[in-house]
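Trainee: This is query.cif, which holds mmCIF, C-alpha atoms and all ligand atoms:
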```
data_run
#
loop_
_atom_site.group_PDB
_atom_site.id
_atom_site.type_symbol
_atom_site.label_atom_id
_atom_site.label_comp_id
_atom_site.auth_asym_id
_atom_site.auth_seq_id
_atom_site.Cartn_x
_atom_site.Cartn_y
_atom_site.Cartn_z
ATOM 1 C CA MET A 1 167.466 91.520 -10.551
ATOM 2 C CA THR A 2 164.074 92.906 -11.518
ATOM 3 C CA TYR A 3 161.204 91.861 -13.791
ATOM 4 C CA PRO A 4 159.364 94.541 -15.775
ATOM 5 C CA ILE A 5 155.565 94.535 -15.822
ATOM 6 C CA GLU A 6 152.889 96.838 -17.109
ATOM 7 C CA VAL A 7 149.625 96.711 -15.200
ATOM 8 C CA ALA A 8 146.685 99.116 -15.114
ATOM 9 C CA GLY A 9 148.570 101.245 -17.630
ATOM 10 C CA LEU A 10 151.627 101.679 -15.397
ATOM 11 C CA LYS A 11 155.127 100.232 -15.713
ATOM 12 C CA ARG A 12 156.986 98.873 -12.711
ATOM 13 C CA GLU A 13 160.175 96.855 -12.110
ATOM 14 C CA LEU A 14 159.468 94.037 -9.658
ATOM 15 C CA PRO A 15 162.449 92.981 -7.506
ATOM 16 C CA ILE A 16 163.064 89.241 -7.825
ATOM 17 C CA CYS A 17 163.077 87.801 -4.301
ATOM 18 C CA LYS A 18 163.982 84.403 -2.914
ATOM 19 C CA VAL A 19 161.268 82.166 -1.466
ATOM 20 C CA THR A 20 163.313 78.932 -1.469
ATOM 21 C CA ASP A 21 166.619 77.941 -3.106
ATOM 22 C CA ASP A 22 164.867 77.150 -6.392
ATOM 23 C CA LEU A 23 161.806 79.408 -6.199
ATOM 24 C CA TYR A 24 161.871 83.174 -6.609
ATOM 25 C CA ILE A 25 159.016 85.674 -7.000
ATOM 26 C CA GLY A 26 158.739 89.072 -8.597
ATOM 27 C CA ALA A 27 157.598 91.055 -5.577
ATOM 28 C CA PHE A 28 154.550 93.147 -6.389
ATOM 29 C CA ILE A 29 154.146 95.726 -3.647
ATOM 30 C CA CYS A 30 151.224 98.099 -4.163
ATOM 31 C CA PHE A 31 151.650 99.130 -0.554
ATOM 32 C CA GLY A 32 153.107 102.652 -0.532
ATOM 33 C CA ASP A 33 152.636 103.198 -4.281
ATOM 34 C CA ALA A 34 149.694 105.619 -4.451
ATOM 35 C CA GLU A 35 149.659 105.924 -8.238
ATOM 36 C CA LEU A 36 149.611 102.145 -8.714
ATOM 37 C CA THR A 37 146.977 101.675 -6.014
ATOM 38 C CA VAL A 38 144.593 104.149 -7.660
ATOM 39 C CA ALA A 39 145.111 102.669 -11.139
ATOM 40 C CA CYS A 40 144.777 99.034 -10.035
ATOM 41 C CA ALA A 41 141.639 99.795 -7.998
ATOM 42 C CA ARG A 42 140.071 101.437 -11.051
ATOM 43 C CA GLU A 43 140.825 98.417 -13.267
ATOM 44 C CA LEU A 44 139.809 95.838 -10.630
ATOM 45 C CA LEU A 45 136.389 97.487 -10.359
ATOM 46 C CA LYS A 46 135.895 96.906 -14.082
ATOM 47 C CA LEU A 47 136.396 93.133 -13.769
ATOM 48 C CA VAL A 48 132.995 92.398 -12.231
ATOM 49 C CA PRO A 49 129.608 94.130 -12.421
ATOM 50 C CA ALA A 50 128.973 96.453 -9.485
ATOM 51 C CA ASP A 51 125.578 94.838 -8.889
ATOM 52 C CA SER A 52 127.099 91.345 -8.426
ATOM 53 C CA TYR A 53 128.233 91.914 -4.813
ATOM 54 C CA ASP A 54 127.280 93.749 -1.632
ATOM 55 C CA TYR A 55 130.736 94.087 -0.042
ATOM 56 C CA ILE A 56 134.404 93.733 -0.972
ATOM 57 C CA PHE A 57 136.571 91.596 1.292
ATOM 58 C CA THR A 58 140.346 91.146 1.560
ATOM 59 C CA ALA A 59 143.041 90.066 4.020
ATOM 60 C CA GLU A 60 145.679 92.305 5.529
ATOM 61 C CA ALA A 61 148.186 93.658 4.825
ATOM 62 C CA LYS A 62 149.288 94.664 1.352
ATOM 63 C CA SER A 63 145.761 94.798 -0.082
ATOM 64 C CA ILE A 64 144.443 97.288 2.469
ATOM 65 C CA PRO A 65 145.109 100.478 0.444
ATOM 66 C CA LEU A 66 143.738 98.721 -2.626
ATOM 67 C CA ILE A 67 140.421 97.757 -1.031
ATOM 68 C CA HIS A 68 140.074 101.223 0.445
ATOM 69 C CA GLU A 69 140.633 102.819 -2.945
ATOM 70 C CA MET A 70 138.153 100.413 -4.594
ATOM 71 C CA ALA A 71 135.570 101.401 -1.983
ATOM 72 C CA ARG A 72 136.328 105.102 -2.427
ATOM 73 C CA GLN A 73 136.055 104.964 -6.222
ATOM 74 C CA SER A 74 132.867 102.881 -6.172
ATOM 75 C CA GLY A 75 131.207 104.822 -3.357
ATOM 76 C CA ALA A 76 131.088 101.859 -0.973
ATOM 77 C CA ALA A 77 130.743 102.966 2.644
ATOM 78 C CA LYS A 78 131.920 99.681 4.152
ATOM 79 C CA TYR A 79 134.428 96.931 3.344
ATOM 80 C CA PHE A 80 135.969 94.049 5.266
ATOM 81 C CA ILE A 81 139.544 93.109 6.095
ATOM 82 C CA ALA A 82 140.475 89.760 7.612
ATOM 83 C CA ARG A 83 143.278 90.169 10.159
ATOM 84 C CA LYS A 84 146.258 87.852 10.651
ATOM 85 C CA GLY A 85 145.950 88.044 14.430
ATOM 86 C CA ALA A 86 143.080 88.426 16.868
ATOM 87 C CA LYS A 87 142.824 91.862 18.499
ATOM 88 C CA ALA A 88 141.334 92.826 21.858
ATOM 89 C CA TYR A 89 138.718 94.935 20.078
ATOM 90 C CA MET A 90 137.495 92.034 17.912
ATOM 91 C CA PRO A 91 134.489 90.492 19.653
ATOM 92 C CA ASP A 92 134.330 86.684 19.661
ATOM 93 C CA PRO A 93 136.456 86.337 16.471
ATOM 94 C CA ILE A 94 136.102 83.492 13.998
ATOM 95 C CA HIS A 95 139.265 82.207 12.325
ATOM 96 C CA VAL A 96 140.599 79.879 9.628
ATOM 97 C CA GLU A 97 144.109 78.611 8.762
ATOM 98 C CA ASP A 98 146.033 80.203 5.926
ATOM 99 C CA HIS A 99 149.017 78.963 3.838
ATOM 100 C CA SER A 100 150.728 81.394 1.474
ATOM 101 C CA ILE A 101 153.761 81.216 -0.826
ATOM 102 C CA THR A 102 155.393 84.149 0.960
ATOM 103 C CA THR A 103 155.071 82.835 4.517
ATOM 104 C CA ALA A 104 156.650 79.721 6.007
ATOM 105 C CA GLY A 105 154.278 77.600 8.069
ATOM 106 C CA THR A 106 150.704 78.355 8.924
ATOM 107 C CA GLN A 107 149.067 81.735 9.377
ATOM 108 C CA LYS A 108 145.571 82.382 10.649
ATOM 109 C CA LEU A 109 142.941 84.774 9.363
ATOM 110 C CA PHE A 110 140.555 86.337 11.856
ATOM 111 C CA LEU A 111 137.274 88.177 11.566
ATOM 112 C CA GLY A 112 135.418 89.788 14.450
ATOM 113 C CA ARG A 113 131.901 88.542 15.177
ATOM 114 C CA ASP A 114 130.594 92.057 14.488
ATOM 115 C CA ASP A 115 131.967 91.933 10.930
ATOM 116 C CA ALA A 116 130.831 88.318 10.501
ATOM 117 C CA ASP A 117 127.288 89.347 11.468
ATOM 118 C CA LEU A 118 127.281 92.039 8.767
ATOM 119 C CA ILE A 119 128.546 89.543 6.163
ATOM 120 C CA ARG A 120 125.874 86.924 6.913
ATOM 121 C CA GLY A 121 123.563 86.532 3.883
ATOM 122 C CA LYS A 122 125.530 89.050 1.797
ATOM 123 C CA ARG A 123 127.221 88.639 -1.602
ATOM 124 C CA ILE A 124 130.975 89.066 -1.219
ATOM 125 C CA LEU A 125 133.641 90.023 -3.761
ATOM 126 C CA ILE A 126 137.016 88.729 -2.569
ATOM 127 C CA MET A 127 139.995 90.785 -3.702
ATOM 128 C CA ASP A 128 143.734 90.210 -3.293
ATOM 129 C CA ASP A 129 146.776 91.898 -4.773
ATOM 130 C CA VAL A 130 148.343 88.609 -5.895
ATOM 131 C CA ILE A 131 146.951 85.072 -6.087
ATOM 132 C CA SER A 132 149.702 82.445 -6.242
ATOM 133 C CA THR A 133 149.187 79.049 -4.561
ATOM 134 C CA GLY A 134 145.633 80.111 -3.811
ATOM 135 C CA GLY A 135 146.118 79.392 -0.114
ATOM 136 C CA SER A 136 145.188 82.890 1.012
ATOM 137 C CA LEU A 137 142.189 82.973 -1.310
ATOM 138 C CA LYS A 138 140.982 79.605 -0.002
ATOM 139 C CA ALA A 139 141.273 80.868 3.571
ATOM 140 C CA MET A 140 139.331 84.036 2.739
ATOM 141 C CA GLU A 141 136.605 81.982 1.061
ATOM 142 C CA ALA A 142 136.396 79.746 4.133
ATOM 143 C CA LEU A 143 136.114 82.766 6.416
ATOM 144 C CA VAL A 144 133.329 84.326 4.341
ATOM 145 C CA GLN A 145 131.514 80.989 4.273
ATOM 146 C CA GLU A 146 131.907 80.597 8.039
ATOM 147 C CA ALA A 147 130.444 84.078 8.475
ATOM 148 C CA GLY A 148 127.439 83.029 6.359
ATOM 149 C CA GLY A 149 128.285 85.130 3.308
ATOM 150 C CA VAL A 150 128.231 84.019 -0.328
ATOM 151 C CA VAL A 151 131.326 84.568 -2.475
ATOM 152 C CA THR A 152 130.114 85.864 -5.846
ATOM 153 C CA GLY A 153 133.466 86.918 -7.288
ATOM 154 C CA LYS A 154 137.234 86.641 -6.805
ATOM 155 C CA VAL A 155 139.569 89.243 -8.289
ATOM 156 C CA ALA A 156 143.274 90.016 -8.101
ATOM 157 C CA VAL A 157 145.729 92.381 -9.691
ATOM 158 C CA LEU A 158 148.129 89.538 -10.536
ATOM 159 C CA ALA A 159 147.756 85.784 -10.985
ATOM 160 C CA GLU A 160 151.133 84.204 -10.301
ATOM 161 C CA GLY A 161 152.410 80.888 -11.644
ATOM 162 C CA ASP A 162 149.697 78.235 -12.001
ATOM 163 C CA ALA A 163 147.040 80.659 -10.722
ATOM 164 C CA ALA A 164 147.054 82.207 -14.202
ATOM 165 C CA ASP A 165 145.328 79.027 -15.480
ATOM 166 C CA ARG A 166 142.447 79.291 -13.000
ATOM 167 C CA THR A 167 139.034 79.988 -14.489
ATOM 168 C CA ASP A 168 137.329 80.879 -11.199
ATOM 169 C CA ILE A 169 139.280 84.114 -10.705
ATOM 170 C CA LYS A 170 139.501 87.355 -12.648
ATOM 171 C CA PHE A 171 142.779 89.255 -12.745
ATOM 172 C CA LEU A 172 144.542 92.062 -14.564
ATOM 173 C CA LYS A 173 147.835 90.383 -15.444
ATOM 174 C CA LYS A 174 149.791 87.127 -15.266
ATOM 175 C CA LEU A 175 153.059 87.018 -13.333
ATOM 176 C CA PRO A 176 155.556 84.175 -13.748
ATOM 177 C CA LEU A 177 157.609 82.506 -11.035
ATOM 178 C CA PHE A 178 161.402 82.599 -11.343
ATOM 179 C CA ASN A 179 164.496 80.444 -10.992
ATOM 180 C CA ALA A 180 167.467 81.512 -8.852
ATOM 181 C CA ASP A 181 169.191 83.031 -11.904
ATOM 182 C CA GLY A 182 166.181 85.250 -12.629
ATOM 183 C CA THR A 183 164.930 83.239 -15.608
ATOM 184 C CA VAL A 184 161.217 82.527 -15.835
ATOM 185 C CA LYS A 185 160.090 79.114 -14.553
ATOM 186 C CA ASP A 186 158.401 76.859 -17.145
HETATM 187 O O1 LIG B 1 148.148 82.582 -3.169
HETATM 188 P P1 LIG B 1 149.098 82.657 -2.035
HETATM 189 O O2 LIG B 1 150.219 81.664 -2.136
HETATM 190 O O3 LIG B 1 148.393 82.545 -0.712
HETATM 191 O O4 LIG B 1 149.846 84.060 -2.099
HETATM 192 C C1 LIG B 1 149.152 85.265 -2.185
HETATM 193 C C2 LIG B 1 149.156 86.038 -0.889
HETATM 194 O O5 LIG B 1 150.498 86.363 -0.531
HETATM 195 C C3 LIG B 1 150.590 87.758 -0.298
HETATM 196 O O6 LIG B 1 150.331 88.074 1.018
HETATM 197 P P2 LIG B 1 151.452 87.931 2.140
HETATM 198 O O7 LIG B 1 151.378 86.553 2.711
HETATM 199 O O8 LIG B 1 152.777 88.336 1.580
HETATM 200 O O9 LIG B 1 150.948 88.896 3.255
HETATM 201 P P3 LIG B 1 150.976 90.483 3.467
HETATM 202 O O10 LIG B 1 150.033 91.079 2.489
HETATM 203 O O11 LIG B 1 150.495 90.583 4.860
HETATM 204 O O12 LIG B 1 152.365 90.973 3.267
HETATM 205 C C4 LIG B 1 149.508 88.343 -1.179
HETATM 206 O O13 LIG B 1 149.113 89.619 -0.721
HETATM 207 C C5 LIG B 1 148.411 87.338 -1.087
HETATM 208 O O14 LIG B 1 147.555 87.576 0.007
HETATM 209 N N1 LIG B 2 154.828 88.119 -6.392
HETATM 210 C C1 LIG B 2 154.286 88.467 -5.241
HETATM 211 N N2 LIG B 2 154.415 89.722 -4.766
HETATM 212 C C2 LIG B 2 153.863 90.062 -3.604
HETATM 213 N N3 LIG B 2 153.162 89.234 -2.835
HETATM 214 C C3 LIG B 2 152.995 87.990 -3.281
HETATM 215 N N4 LIG B 2 152.326 86.959 -2.749
HETATM 216 C C4 LIG B 2 152.482 85.922 -3.574
HETATM 217 N N5 LIG B 2 153.221 86.240 -4.634
HETATM 218 C C5 LIG B 2 153.552 87.540 -4.473
#
```
Could you express the structure from this file as structure tokens?
Ligand SMILES: O=P(O)(O)OC[C@H]1O[C@H](OP(=O)(O)OP(=O)(O)O)[C@H](O)[C@@H]1O
Ligand SMILES: Nc1ncnc2[nH]cnc12
Mentor:
Amino acid sequence: MTYPIEVAGLKRELPICKVTDDLYIGAFICFGDAELTVACARELLKLVPADSYDYIFTAEAKSIPLIHEMARQSGAAKYFIARKGAKAYMPDPIHVEDHSITTAGTQKLFLGRDDADLIRGKRILIMDDVISTGGSLKAMEALVQEAGGVVTGKVAVLAEGDAADRTDIKFLKKLPLFNADGTVKD
């Protein structure tokens, strides 16, 4: 089963994947799709004025090519990626807890102290490929706040389910949630 969408001028068929017995998602995977990544980055950059933020920020993994392409197109030399595990090369990392529709249990988001120091006092645009429960977004906001940055915008390619009703985010397209038989959830 797939669900057709058109986003950033491109058509894709999203595979409908099980999350729980009665909750399915249309999996939007920009990762590995160069054409879609370039087009979505271009349209995401149009959602907020370039002078409203100093840096773009996201969490690994699927949004990494997207943030890189946004930086490349906008001429930004630096961007930030929160990691889902601490690495030996991350000095004195700060972390927050993260709950996402796609992952059972709790994840953590980490940021090295070196990145946190650069974020302090800066205006941050948070970007994600999909916002669904908002758990990942909330964790990213908490991490930026902990680093001393100020979130001045939140953008996503897709707002899934109830996220489409949020007024604090900007996005390119709504995406429904699905029942087990592939029909759209009310
Ligand atoms: O609003 P939420 O319910 O938090 O869902 C949205 C998050 O879920 C996906 O990430 P995923 O957990 O699949 O991680 P990945 O990018 O590392 O694959 C997506 O990229 C968002 O970050
Ligand atoms: N539909 C979706 N596709 C990919 N990642 C997601 N994270 C939350 N919803 C998602």
Trainee: With the PyMOL selection byres (((chain A and resi 6) around 12) and not hetatm) as the selection, what would be picked from this file? Answer as number ranges by chain, please.
Mentor: A: 3-5, 7-14, 28, 36, 39-40, 157-158, 172-175
Trainee: Ligand LIG 1 (chain B): which residues are within 10 Å, counting all atoms listed in the file, as a ChimeraX atom specification?
Mentor: /A:27-31,58-64,83-84,98-104,107,127-140,156-163
Trainee: Using all atoms listed in the file, pick whichever of A:Pro91, A:Thr106, A:Val96, A:Gly112 has the shortest atom-to-atom distance to Ala142 in chain A.
Mentor: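 That would be A:Val96, the residue with the smallest distance to Ala142 in chain A.
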Trainee: For the file shown, report as a list of chain:residue names the outcome of the PyMOL selection byres (((chain A and resi 90) around 8) and not hetatm) at residue level.
Mentor: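 Listing what the PyMOL selection byres (((chain A and resi 90) around 8) and not hetatm) selects in the shown file: A:Ala86, A:Lys87, A:Ala88, A:Tyr89, A:Pro91, A:Asp92, A:Pro93, A:Leu111, A:Gly112, A:Arg113, A:Asp114.
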Trainee: So how far away is CA of Gln73 in chain A from CA of Thr37 in chain A, in Å?
Mentor: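 Distance between the two atoms: 11.4 Å.
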Trainee: Figure out the distance between CA of Ala77 in chain A and CA of Arg120 in chain A, please, to one decimal in Å.
Mentor: 17.3 Å
Trainee: Please indicate the distance in Å from CA of Asp22 in chain A to atom C2 of ligand LIG 2 (chain B), rounded to one decimal place.
Mentor: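 These atoms are spaced 17.2 Å apart.
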Trainee: Kindly complete range 42-62 of chain A to N, CA, C and O atoms; the output should be written as a PDB file, keeping the file's coordinate frame.
Mentor:
```pdb
ATOM      1  N   ARG A  42     140.956 101.064  -9.938  1.00  0.00           N
ATOM      2  CA  ARG A  42     140.071 101.437 -11.051  1.00  0.00           C
ATOM      3  C   ARG A  42     139.862 100.245 -11.990  1.00  0.00           C
ATOM      4  O   ARG A  42     138.728  99.931 -12.366  1.00  0.00           O
ATOM      5  N   GLU A  43     140.943  99.537 -12.330  1.00  0.00           N
ATOM      6  CA  GLU A  43     140.825  98.417 -13.267  1.00  0.00           C
ATOM      7  C   GLU A  43     140.184  97.196 -12.618  1.00  0.00           C
ATOM      8  O   GLU A  43     139.442  96.457 -13.274  1.00  0.00           O
ATOM      9  N   LEU A  44     140.442  96.971 -11.328  1.00  0.00           N
ATOM     10  CA  LEU A  44     139.809  95.838 -10.630  1.00  0.00           C
ATOM     11  C   LEU A  44     138.290  96.004 -10.613  1.00  0.00           C
ATOM     12  O   LEU A  44     137.545  95.036 -10.786  1.00  0.00           O
ATOM     13  N   LEU A  45     137.845  97.238 -10.417  1.00  0.00           N
ATOM     14  CA  LEU A  45     136.389  97.487 -10.359  1.00  0.00           C
ATOM     15  C   LEU A  45     135.713  97.169 -11.690  1.00  0.00           C
ATOM     16  O   LEU A  45     134.512  96.871 -11.723  1.00  0.00           O
ATOM     17  N   LYS A  46     136.482  97.198 -12.773  1.00  0.00           N
ATOM     18  CA  LYS A  46     135.895  96.906 -14.082  1.00  0.00           C
ATOM     19  C   LYS A  46     135.750  95.408 -14.347  1.00  0.00           C
ATOM     20  O   LYS A  46     135.107  95.003 -15.307  1.00  0.00           O
ATOM     21  N   LEU A  47     136.388  94.573 -13.502  1.00  0.00           N
ATOM     22  CA  LEU A  47     136.396  93.133 -13.769  1.00  0.00           C
ATOM     23  C   LEU A  47     135.064  92.456 -13.496  1.00  0.00           C
ATOM     24  O   LEU A  47     134.777  91.398 -14.058  1.00  0.00           O
ATOM     25  N   VAL A  48     134.283  93.019 -12.582  1.00  0.00           N
ATOM     26  CA  VAL A  48     132.995  92.398 -12.231  1.00  0.00           C
ATOM     27  C   VAL A  48     131.922  93.480 -12.154  1.00  0.00           C
ATOM     28  O   VAL A  48     132.206  94.626 -11.782  1.00  0.00           O
ATOM     29  N   PRO A  49     130.673  93.125 -12.493  1.00  0.00           N
ATOM     30  CA  PRO A  49     129.608  94.130 -12.421  1.00  0.00           C
ATOM     31  C   PRO A  49     129.385  94.599 -10.984  1.00  0.00           C
ATOM     32  O   PRO A  49     129.417  93.791 -10.046  1.00  0.00           O
ATOM     33  N   ALA A  50     129.155  95.876 -10.823  1.00  0.00           N
ATOM     34  CA  ALA A  50     128.973  96.453  -9.485  1.00  0.00           C
ATOM     35  C   ALA A  50     127.760  95.865  -8.768  1.00  0.00           C
ATOM     36  O   ALA A  50     127.714  95.850  -7.534  1.00  0.00           O
ATOM     37  N   ASP A  51     126.781  95.373  -9.541  1.00  0.00           N
ATOM     38  CA  ASP A  51     125.578  94.838  -8.889  1.00  0.00           C
ATOM     39  C   ASP A  51     125.694  93.339  -8.573  1.00  0.00           C
ATOM     40  O   ASP A  51     124.719  92.697  -8.222  1.00  0.00           O
ATOM     41  N   SER A  52     126.927  92.782  -8.697  1.00  0.00           N
ATOM     42  CA  SER A  52     127.099  91.345  -8.426  1.00  0.00           C
ATOM     43  C   SER A  52     127.579  91.073  -6.996  1.00  0.00           C
ATOM     44  O   SER A  52     127.773  89.923  -6.623  1.00  0.00           O
ATOM     45  N   TYR A  53     127.785  92.110  -6.201  1.00  0.00           N
ATOM     46  CA  TYR A  53     128.233  91.914  -4.813  1.00  0.00           C
ATOM     47  C   TYR A  53     127.734  93.054  -3.922  1.00  0.00           C
ATOM     48  O   TYR A  53     127.411  94.146  -4.405  1.00  0.00           O
ATOM     49  N   ASP A  54     127.671  92.730  -2.623  1.00  0.00           N
ATOM     50  CA  ASP A  54     127.280  93.749  -1.632  1.00  0.00           C
ATOM     51  C   ASP A  54     128.501  94.400  -0.990  1.00  0.00           C
ATOM     52  O   ASP A  54     128.487  95.597  -0.697  1.00  0.00           O
ATOM     53  N   TYR A  55     129.539  93.580  -0.720  1.00  0.00           N
ATOM     54  CA  TYR A  55     130.736  94.087  -0.042  1.00  0.00           C
ATOM     55  C   TYR A  55     132.001  93.506  -0.674  1.00  0.00           C
ATOM     56  O   TYR A  55     131.997  92.371  -1.149  1.00  0.00           O
ATOM     57  N   ILE A  56     133.083  94.253  -0.598  1.00  0.00           N
ATOM     58  CA  ILE A  56     134.404  93.733  -0.972  1.00  0.00           C
ATOM     59  C   ILE A  56     135.123  93.291   0.300  1.00  0.00           C
ATOM     60  O   ILE A  56     134.977  93.905   1.363  1.00  0.00           O
ATOM     61  N   PHE A  57     135.913  92.237   0.152  1.00  0.00           N
ATOM     62  CA  PHE A  57     136.571  91.596   1.292  1.00  0.00           C
ATOM     63  C   PHE A  57     138.016  91.287   0.908  1.00  0.00           C
ATOM     64  O   PHE A  57     138.277  90.802  -0.190  1.00  0.00           O
ATOM     65  N   THR A  58     138.956  91.554   1.796  1.00  0.00           N
ATOM     66  CA  THR A  58     140.346  91.146   1.560  1.00  0.00           C
ATOM     67  C   THR A  58     140.998  90.758   2.875  1.00  0.00           C
ATOM     68  O   THR A  58     140.344  90.779   3.929  1.00  0.00           O
ATOM     69  N   ALA A  59     142.276  90.384   2.810  1.00  0.00           N
ATOM     70  CA  ALA A  59     143.041  90.066   4.020  1.00  0.00           C
ATOM     71  C   ALA A  59     144.185  91.073   4.128  1.00  0.00           C
ATOM     72  O   ALA A  59     144.730  91.517   3.110  1.00  0.00           O
ATOM     73  N   GLU A  60     144.539  91.419   5.379  1.00  0.00           N
ATOM     74  CA  GLU A  60     145.679  92.305   5.529  1.00  0.00           C
ATOM     75  C   GLU A  60     146.942  91.586   5.035  1.00  0.00           C
ATOM     76  O   GLU A  60     146.966  90.367   4.983  1.00  0.00           O
ATOM     77  N   ALA A  61     148.003  92.246   4.628  1.00  0.00           N
ATOM     78  CA  ALA A  61     148.186  93.658   4.825  1.00  0.00           C
ATOM     79  C   ALA A  61     148.273  94.426   3.494  1.00  0.00           C
ATOM     80  O   ALA A  61     147.747  95.517   3.365  1.00  0.00           O
ATOM     81  N   LYS A  62     148.947  93.841   2.513  1.00  0.00           N
ATOM     82  CA  LYS A  62     149.288  94.664   1.352  1.00  0.00           C
ATOM     83  C   LYS A  62     148.077  95.117   0.552  1.00  0.00           C
ATOM     84  O   LYS A  62     148.162  96.083  -0.203  1.00  0.00           O
TER      85      LYS A  62
END
```
